[in-house]
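What follows is a set of notes on a single structure, which appears directly below.
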Amino acid sequence: MAFLHAVSSGHSATKNVLKGRSLTPYLLLAPGLIWLVTFFIIPIFSLASTSTMVRPEGAQVGVYEQKLRFANYIDAFVANQDQYIRSFFYAALATLLALAIAYPLAYAIAFKSGKYRNILLVLVIAPFFTSFLLRTIAWTQILADSGPVVSAIKVLPFIDELFRINNTSTAVVIGLAYNFLPFMTLPLYASLERIDPRTLEAAGDLYANGLTTFRKVTLPLSMPGVVAGTLLTFIPAAGDYVNAAILGNPSTKMIGNVIESRFFAVVDYPTAAALSFTLMATILILVTLYIRKSGTDELV
Amino acid sequence: MTTTNAPMPTFSHRASRWFSRNLIRIYAALAFIYLFIPVAYTFAFSFNIALSSIIK
């Protein structure tokens with residue numbers, strides 16, 4: 001009898017352990033899932049619901065009712081298509097500029113920095129310990145009409161007297177590229193650092209010159225970093241509004257500025273929500289196409 | 001048997017070789033300058049006389 005009891009209690013203990021083990025992944029996932037549901041899924045549904053609302057006749061500002069008006073999306077897009085196109089254009093330019101600056105920088109840190117590698121990596125992030133807003137405002141001083149950059153450029157004989165950078169699209173792109181530079185540099189460094197130096201030596205042994213080695217070995221092996229870096233730069237740059245607000249002018253407004261003003265100044269929540277959704281969908285489509293085109297599906 | 005010494009490279013030749021060898025480092029230094037300019041500006045401006053100390 002005692003033997004049977006021991007066997008059955010042993011079985012139940014094993015069952016409990018197995019049950020505990022099968023629950024462990026869900027318990028580990030729970031904090032992340034709760035966080036996602038609370039701060040992503042619920043707000044997304046709320047935003048989707050807001051995007052199809054309509055302001056009733058004679059209602060107060062900011063009062064909307066649900067009418068499932070999907071034409072809000074078309075209206076919002078048609079009214080702001082210039083800002084949409086401009087946002088993606090600026091984001092693409094800023095991404096290219098950031099790539100042009102970050103690639104050689106990451107390459108130098110990965111291959112040419114020797115014992116200073118860690119210090120240089122810290123230096124890449126160090127400027128970003130200062131406030132994002134403060135750094136962007138500093139660019140208005142640097143690019144001001146009487147600032148050092150414009151004064152230096154105006155020395156050139158073929159530059160017009162009215163030449164300026166501040167409050168132009170150039171300033172916005174410079175600001176965007178600057179603010180998202182670490183997002184480009186760090187993935188690039190990670191992929192370059194993983195390259196086995198022996199592959200570069202092998203290219204040299206096969207009489208490839210520096211440029212050919214870069215083109216045939218370094219660049220293809222660093223492509224995952226290029227793709228990750230361009231995505232991490234392009235996505236926040238497309239939705240950014242701080243750079244366009246501080247460094248641009250009314251004709252350089254991006255879609256982020258429109259969404260911000262619709263939410264906080266005009267109090268037109270449905271249009272702002274529809275614009276946010278359209279922006280999200282467009283970025284999602286572009287990113288999917290880009291990843292498929294670049295052949296790094298493992299990033300998804 | 002005679003040996004001939006290779007002619008000394010000219011200054012411009014040596015300079016261009018040094019430049020091409022260190023081009024990537026120079027580029028990285030310029031990138032760091034680009035990164036730190038706004039911070040340096042903010043730091044420099046922090047020594048200006050604060051408006052609150054002028055307006056009483």
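In the structure tokens, the first chain shown is A, the next is B, and so on; residue numbers restart at 1 for each chain, and ligands run from 1 in the order shown.
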- prompt: Mind listing as a list in words which residues of chain A are within 6 Å of chain B, counting only C-alpha atoms?
  reply: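 Output check: Leu105, Arg135 and Ala138 of chain A.
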query: Hey, what's within 9 Å of A:Ile246 if we count only C-alpha atoms and toss same-chain stuff fewer than 4 positions away? As an MDAnalysis selection string, please?
result: chainID A and resid 133 136:137 140 167 172 241:242
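Between atom CA of A:Asn80 and atom CA of A:Pro270 the interatomic distance comes to 14.0 Å.
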field: Residue contacts of stretch 205-215 of chain A (12 Å, only C-alpha atoms) excluding same-chain residues fewer than 4 positions away, as a ChimeraX atom specification
entry: /A:103-104,107,192,195,197-201,219-223 /B:20-21
How would the residues just chosen look if you wrote them out with N, CA, C and O atoms as a compact mmCIF listing (two decimals), in the first residue's frame?
# COMPACT_ATOMS: atom_id res chain seq x y z
N TYR A 103 30.02 54.44 -42.89
CA TYR A 103 30.73 53.25 -43.37
C TYR A 103 32.25 53.38 -43.17
O TYR A 103 32.87 52.52 -42.53
N PRO A 104 32.86 54.48 -43.67
CA PRO A 104 34.30 54.61 -43.44
C PRO A 104 34.64 54.70 -41.95
O PRO A 104 35.68 54.20 -41.52
N TYR A 107 34.46 51.28 -40.58
CA TYR A 107 35.60 50.53 -41.15
C TYR A 107 36.88 50.88 -40.40
O TYR A 107 37.66 50.00 -40.03
N LEU A 192 31.17 44.56 -39.81
CA LEU A 192 32.57 44.65 -40.29
C LEU A 192 33.52 43.93 -39.33
O LEU A 192 34.48 43.29 -39.76
N ILE A 195 34.01 40.22 -39.85
CA ILE A 195 34.73 39.72 -41.05
C ILE A 195 36.08 39.15 -40.62
O ILE A 195 36.84 39.80 -39.90
N PRO A 197 39.75 38.56 -40.90
CA PRO A 197 40.82 39.27 -41.64
C PRO A 197 41.53 38.37 -42.65
O PRO A 197 42.10 38.87 -43.62
N ARG A 198 41.46 37.05 -42.41
CA ARG A 198 42.13 36.12 -43.34
C ARG A 198 41.49 36.16 -44.73
O ARG A 198 42.16 35.92 -45.74
N THR A 199 40.18 36.47 -44.80
CA THR A 199 39.52 36.57 -46.11
C THR A 199 40.09 37.76 -46.90
O THR A 199 40.25 37.69 -48.11
N LEU A 200 40.39 38.85 -46.15
CA LEU A 200 40.98 40.03 -46.81
C LEU A 200 42.41 39.71 -47.26
O LEU A 200 42.82 40.11 -48.36
N GLU A 201 43.14 38.97 -46.41
CA GLU A 201 44.50 38.57 -46.78
C GLU A 201 44.48 37.65 -48.01
O GLU A 201 45.32 37.76 -48.90
N LEU A 219 32.58 44.59 -48.77
CA LEU A 219 31.21 45.11 -48.92
C LEU A 219 30.15 44.00 -48.88
O LEU A 219 29.17 44.12 -48.12
N PRO A 220 30.32 42.89 -49.65
CA PRO A 220 29.29 41.84 -49.57
C PRO A 220 29.16 41.25 -48.16
O PRO A 220 28.05 40.97 -47.72
N LEU A 221 30.30 41.09 -47.46
CA LEU A 221 30.23 40.50 -46.11
C LEU A 221 29.63 41.47 -45.09
O LEU A 221 29.13 41.05 -44.05
N SER A 222 29.68 42.78 -45.40
CA SER A 222 29.12 43.75 -44.45
C SER A 222 27.68 44.14 -44.80
O SER A 222 27.11 45.01 -44.15
N MET A 223 27.11 43.50 -45.82
CA MET A 223 25.75 43.88 -46.26
C MET A 223 24.68 43.76 -45.17
O MET A 223 23.79 44.62 -45.08
N SER B 20 47.33 58.70 -48.69
CA SER B 20 46.51 57.56 -49.15
C SER B 20 46.49 56.44 -48.11
O SER B 20 45.49 55.74 -47.96
N ARG B 21 47.61 56.31 -47.34
CA ARG B 21 47.64 55.27 -46.30
C ARG B 21 46.74 55.63 -45.13
O ARG B 21 46.17 54.76 -44.48
Would you pick out the contacts of A:Arg55 at 7 Å or less, using only C-alpha atoms, so that residues sharing its chain but fewer than 4 positions from it are not included, and give the list as a PDB file with all heavy atoms, in the first residue's frame?
ATOM      1  N   ALA A  59     -20.492  69.977 -33.075  1.00  0.00           N
ATOM      2  CA  ALA A  59     -19.816  69.462 -31.881  1.00  0.00           C
ATOM      3  C   ALA A  59     -18.617  70.344 -31.529  1.00  0.00           C
ATOM      4  O   ALA A  59     -18.111  71.086 -32.373  1.00  0.00           O
ATOM      5  CB  ALA A  59     -19.348  68.037 -32.122  1.00  0.00           C
ATOM      6  N   VAL A  63     -14.210  66.705 -30.232  1.00  0.00           N
ATOM      7  CA  VAL A  63     -15.248  65.690 -29.973  1.00  0.00           C
ATOM      8  C   VAL A  63     -15.539  64.954 -31.281  1.00  0.00           C
ATOM      9  O   VAL A  63     -15.883  65.582 -32.287  1.00  0.00           O
ATOM     10  CB  VAL A  63     -16.537  66.338 -29.413  1.00  0.00           C
ATOM     11  CG1 VAL A  63     -17.651  65.310 -29.266  1.00  0.00           C
ATOM     12  CG2 VAL A  63     -16.253  67.017 -28.092  1.00  0.00           C
ATOM     13  N   TYR A  64     -15.370  63.651 -31.268  1.00  0.00           N
ATOM     14  CA  TYR A  64     -15.573  62.849 -32.480  1.00  0.00           C
ATOM     15  C   TYR A  64     -16.408  61.627 -32.157  1.00  0.00           C
ATOM     16  O   TYR A  64     -16.406  61.162 -31.017  1.00  0.00           O
ATOM     17  CB  TYR A  64     -14.216  62.418 -33.061  1.00  0.00           C
ATOM     18  CG  TYR A  64     -13.391  63.592 -33.532  1.00  0.00           C
ATOM     19  CD1 TYR A  64     -12.459  64.182 -32.688  1.00  0.00           C
ATOM     20  CD2 TYR A  64     -13.586  64.134 -34.791  1.00  0.00           C
ATOM     21  CE1 TYR A  64     -11.729  65.287 -33.100  1.00  0.00           C
ATOM     22  CE2 TYR A  64     -12.860  65.231 -35.209  1.00  0.00           C
ATOM     23  CZ  TYR A  64     -11.934  65.805 -34.359  1.00  0.00           C
ATOM     24  OH  TYR A  64     -11.229  66.897 -34.773  1.00  0.00           O
ATOM     25  N   GLU A  65     -17.138  61.131 -33.160  1.00  0.00           N
ATOM     26  CA  GLU A  65     -17.895  59.895 -32.947  1.00  0.00           C
ATOM     27  C   GLU A  65     -17.556  58.889 -34.048  1.00  0.00           C
ATOM     28  O   GLU A  65     -17.177  59.266 -35.152  1.00  0.00           O
ATOM     29  CB  GLU A  65     -19.403  60.176 -32.900  1.00  0.00           C
ATOM     30  CG  GLU A  65     -19.982  60.704 -34.188  1.00  0.00           C
ATOM     31  CD  GLU A  65     -21.479  60.964 -34.073  1.00  0.00           C
ATOM     32  OE1 GLU A  65     -21.974  61.146 -32.957  1.00  0.00           O
ATOM     33  OE2 GLU A  65     -22.122  61.002 -35.143  1.00  0.00           O
TER      34      GLU A  65
END
Give me, as a PDB file with N, CA and C atoms, in the first residue's frame, all polymer residues having an atom no more than 12 Å from A:Ala100, counting only C-alpha atoms and skipping those fewer than 2 positions away in the same chain.
ATOM      1  N   LEU A  93      17.608  60.549 -48.361  1.00  0.00           N
ATOM      2  CA  LEU A  93      18.844  61.338 -48.488  1.00  0.00           C
ATOM      3  C   LEU A  93      19.666  61.264 -47.201  1.00  0.00           C
ATOM      4  N   ALA A  94      18.972  61.402 -46.077  1.00  0.00           N
ATOM      5  CA  ALA A  94      19.670  61.356 -44.782  1.00  0.00           C
ATOM      6  C   ALA A  94      20.296  59.982 -44.561  1.00  0.00           C
ATOM      7  N   THR A  95      19.590  58.933 -44.999  1.00  0.00           N
ATOM      8  CA  THR A  95      20.121  57.571 -44.849  1.00  0.00           C
ATOM      9  C   THR A  95      21.378  57.402 -45.697  1.00  0.00           C
ATOM     10  N   LEU A  96      21.332  57.916 -46.928  1.00  0.00           N
ATOM     11  CA  LEU A  96      22.515  57.816 -47.808  1.00  0.00           C
ATOM     12  C   LEU A  96      23.687  58.609 -47.236  1.00  0.00           C
ATOM     13  N   LEU A  97      23.392  59.812 -46.720  1.00  0.00           N
ATOM     14  CA  LEU A  97      24.443  60.645 -46.132  1.00  0.00           C
ATOM     15  C   LEU A  97      25.036  59.961 -44.893  1.00  0.00           C
ATOM     16  N   ALA A  98      24.146  59.417 -44.062  1.00  0.00           N
ATOM     17  CA  ALA A  98      24.614  58.716 -42.856  1.00  0.00           C
ATOM     18  C   ALA A  98      25.463  57.499 -43.234  1.00  0.00           C
ATOM     19  N   ALA A 102      29.079  56.977 -42.082  1.00  0.00           N
ATOM     20  CA  ALA A 102      29.255  55.914 -41.087  1.00  0.00           C
ATOM     21  C   ALA A 102      30.095  54.742 -41.586  1.00  0.00           C
ATOM     22  N   TYR A 103      30.016  54.442 -42.893  1.00  0.00           N
ATOM     23  CA  TYR A 103      30.731  53.250 -43.374  1.00  0.00           C
ATOM     24  C   TYR A 103      32.252  53.384 -43.170  1.00  0.00           C
ATOM     25  N   PRO A 104      32.857  54.481 -43.674  1.00  0.00           N
ATOM     26  CA  PRO A 104      34.303  54.611 -43.435  1.00  0.00           C
ATOM     27  C   PRO A 104      34.643  54.705 -41.950  1.00  0.00           C
ATOM     28  N   LEU A 105      33.753  55.351 -41.187  1.00  0.00           N
ATOM     29  CA  LEU A 105      33.989  55.473 -39.741  1.00  0.00           C
ATOM     30  C   LEU A 105      33.993  54.092 -39.085  1.00  0.00           C
ATOM     31  N   ALA A 106      32.980  53.287 -39.407  1.00  0.00           N
ATOM     32  CA  ALA A 106      32.900  51.926 -38.845  1.00  0.00           C
ATOM     33  C   ALA A 106      34.081  51.083 -39.324  1.00  0.00           C
ATOM     34  N   TYR A 107      34.459  51.279 -40.584  1.00  0.00           N
ATOM     35  CA  TYR A 107      35.595  50.526 -41.151  1.00  0.00           C
ATOM     36  C   TYR A 107      36.883  50.879 -40.400  1.00  0.00           C
ATOM     37  N   ALA A 177      20.569  63.166 -40.680  1.00  0.00           N
ATOM     38  CA  ALA A 177      21.726  62.259 -40.804  1.00  0.00           C
ATOM     39  C   ALA A 177      22.537  62.265 -39.514  1.00  0.00           C
ATOM     40  N   TYR A 178      22.691  63.455 -38.933  1.00  0.00           N
ATOM     41  CA  TYR A 178      23.473  63.563 -37.697  1.00  0.00           C
ATOM     42  C   TYR A 178      22.802  62.801 -36.552  1.00  0.00           C
ATOM     43  N   LEU A 181      23.013  58.971 -36.845  1.00  0.00           N
ATOM     44  CA  LEU A 181      24.305  58.396 -37.246  1.00  0.00           C
ATOM     45  C   LEU A 181      24.728  57.163 -36.426  1.00  0.00           C
ATOM     46  N   MET A 184      23.322  53.966 -37.608  1.00  0.00           N
ATOM     47  CA  MET A 184      23.949  53.442 -38.824  1.00  0.00           C
ATOM     48  C   MET A 184      25.319  52.867 -38.499  1.00  0.00           C
ATOM     49  N   THR A 185      26.066  53.574 -37.658  1.00  0.00           N
ATOM     50  CA  THR A 185      27.464  53.188 -37.404  1.00  0.00           C
ATOM     51  C   THR A 185      27.569  51.862 -36.655  1.00  0.00           C
ATOM     52  N   LEU A 188      26.862  48.661 -38.662  1.00  0.00           N
ATOM     53  CA  LEU A 188      27.934  48.519 -39.648  1.00  0.00           C
ATOM     54  C   LEU A 188      29.205  48.004 -38.983  1.00  0.00           C
ATOM     55  N   VAL A 226      24.822  46.910 -43.416  1.00  0.00           N
ATOM     56  CA  VAL A 226      24.321  48.017 -44.244  1.00  0.00           C
ATOM     57  C   VAL A 226      22.789  48.023 -44.213  1.00  0.00           C
ATOM     58  N   GLY A 229      21.554  48.960 -40.688  1.00  0.00           N
ATOM     59  CA  GLY A 229      21.816  50.377 -40.443  1.00  0.00           C
ATOM     60  C   GLY A 229      20.886  51.289 -41.218  1.00  0.00           C
ATOM     61  N   THR A 230      20.670  50.959 -42.501  1.00  0.00           N
ATOM     62  CA  THR A 230      19.783  51.809 -43.312  1.00  0.00           C
ATOM     63  C   THR A 230      18.346  51.747 -42.782  1.00  0.00           C
TER      64      THR A 230
ATOM     65  N   TYR B  27      39.337  60.502 -42.601  1.00  0.00           N
ATOM     66  CA  TYR B  27      37.883  60.517 -42.794  1.00  0.00           C
ATOM     67  C   TYR B  27      37.175  60.258 -41.460  1.00  0.00           C
ATOM     68  N   ALA B  28      37.693  59.275 -40.691  1.00  0.00           N
ATOM     69  CA  ALA B  28      37.088  58.954 -39.390  1.00  0.00           C
ATOM     70  C   ALA B  28      37.209  60.146 -38.444  1.00  0.00           C
ATOM     71  N   ALA B  31      34.638  62.577 -39.353  1.00  0.00           N
ATOM     72  CA  ALA B  31      33.315  62.102 -38.907  1.00  0.00           C
ATOM     73  C   ALA B  31      33.132  62.366 -37.414  1.00  0.00           C
TER      74      ALA B  31
END
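Our summary of the geometry notes that atom CA of A:Arg69 is positioned 14.0 Å from atom CA of A:Ala272.
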message: Going by DSSP on the backbone, which residues of chain B come out as helix (DSSP H, G or I)? List them as an MDAnalysis selection string.
response: chainID B and resid 11:45 51:54
Expected file: the selected residues, C-alpha atoms, as a PDB file, in the first residue's frame:
ATOM      1  CA  PHE B  11      58.352  65.142 -50.391  1.00  0.00           C
ATOM      2  CA  SER B  12      55.171  65.308 -52.458  1.00  0.00           C
ATOM      3  CA  HIS B  13      55.467  61.591 -53.234  1.00  0.00           C
ATOM      4  CA  ARG B  14      55.909  60.744 -49.548  1.00  0.00           C
ATOM      5  CA  ALA B  15      53.077  63.085 -48.574  1.00  0.00           C
ATOM      6  CA  SER B  16      50.690  61.529 -51.089  1.00  0.00           C
ATOM      7  CA  ARG B  17      51.642  58.036 -49.895  1.00  0.00           C
ATOM      8  CA  TRP B  18      51.068  59.046 -46.269  1.00  0.00           C
ATOM      9  CA  PHE B  19      47.745  60.625 -47.249  1.00  0.00           C
ATOM     10  CA  SER B  20      46.510  57.559 -49.151  1.00  0.00           C
ATOM     11  CA  ARG B  21      47.640  55.268 -46.305  1.00  0.00           C
ATOM     12  CA  ASN B  22      45.846  57.359 -43.679  1.00  0.00           C
ATOM     13  CA  LEU B  23      42.856  58.512 -45.728  1.00  0.00           C
ATOM     14  CA  ILE B  24      40.420  56.329 -43.815  1.00  0.00           C
ATOM     15  CA  ARG B  25      41.744  57.618 -40.471  1.00  0.00           C
ATOM     16  CA  ILE B  26      41.448  61.229 -41.661  1.00  0.00           C
ATOM     17  CA  TYR B  27      37.883  60.517 -42.794  1.00  0.00           C
ATOM     18  CA  ALA B  28      37.088  58.954 -39.390  1.00  0.00           C
ATOM     19  CA  ALA B  29      38.557  62.000 -37.631  1.00  0.00           C
ATOM     20  CA  LEU B  30      36.333  64.293 -39.735  1.00  0.00           C
ATOM     21  CA  ALA B  31      33.315  62.102 -38.907  1.00  0.00           C
ATOM     22  CA  PHE B  32      34.107  62.454 -35.202  1.00  0.00           C
ATOM     23  CA  ILE B  33      34.365  66.231 -35.653  1.00  0.00           C
ATOM     24  CA  TYR B  34      30.905  66.149 -37.292  1.00  0.00           C
ATOM     25  CA  LEU B  35      29.620  64.159 -34.307  1.00  0.00           C
ATOM     26  CA  PHE B  36      31.103  66.456 -31.681  1.00  0.00           C
ATOM     27  CA  ILE B  37      30.549  69.907 -33.254  1.00  0.00           C
ATOM     28  CA  PRO B  38      27.035  70.404 -31.787  1.00  0.00           C
ATOM     29  CA  VAL B  39      28.181  69.191 -28.375  1.00  0.00           C
ATOM     30  CA  ALA B  40      31.194  71.516 -28.478  1.00  0.00           C
ATOM     31  CA  TYR B  41      28.898  74.382 -29.499  1.00  0.00           C
ATOM     32  CA  THR B  42      26.493  73.645 -26.670  1.00  0.00           C
ATOM     33  CA  PHE B  43      29.435  73.446 -24.253  1.00  0.00           C
ATOM     34  CA  ALA B  44      30.871  76.739 -25.520  1.00  0.00           C
ATOM     35  CA  PHE B  45      27.509  78.488 -25.234  1.00  0.00           C
ATOM     36  CA  LEU B  51      19.810  85.885 -19.321  1.00  0.00           C
ATOM     37  CA  SER B  52      18.515  85.390 -15.774  1.00  0.00           C
ATOM     38  CA  SER B  53      21.629  87.073 -14.395  1.00  0.00           C
ATOM     39  CA  ILE B  54      21.082  90.167 -16.610  1.00  0.00           C
TER      40      ILE B  54
END
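Between atom CA of A:Phe180 and atom CA of A:Val78 the interatomic distance comes to 29.2 Å.
For A:Ser51, the list of residues within 7 Å, based on only C-alpha atoms and with local chain neighbours fewer than 2 positions off taken out, reads Leu47, Ala48, Ser49, Met53, Asn72, Pro270, Thr271, Ala273 and Ala274 of chain A.
Backbone DSSP over stretch 53-100 of chain A yields strand (DSSP E) at A:Met53, A:Val54, A:Glu65, A:Gln66.
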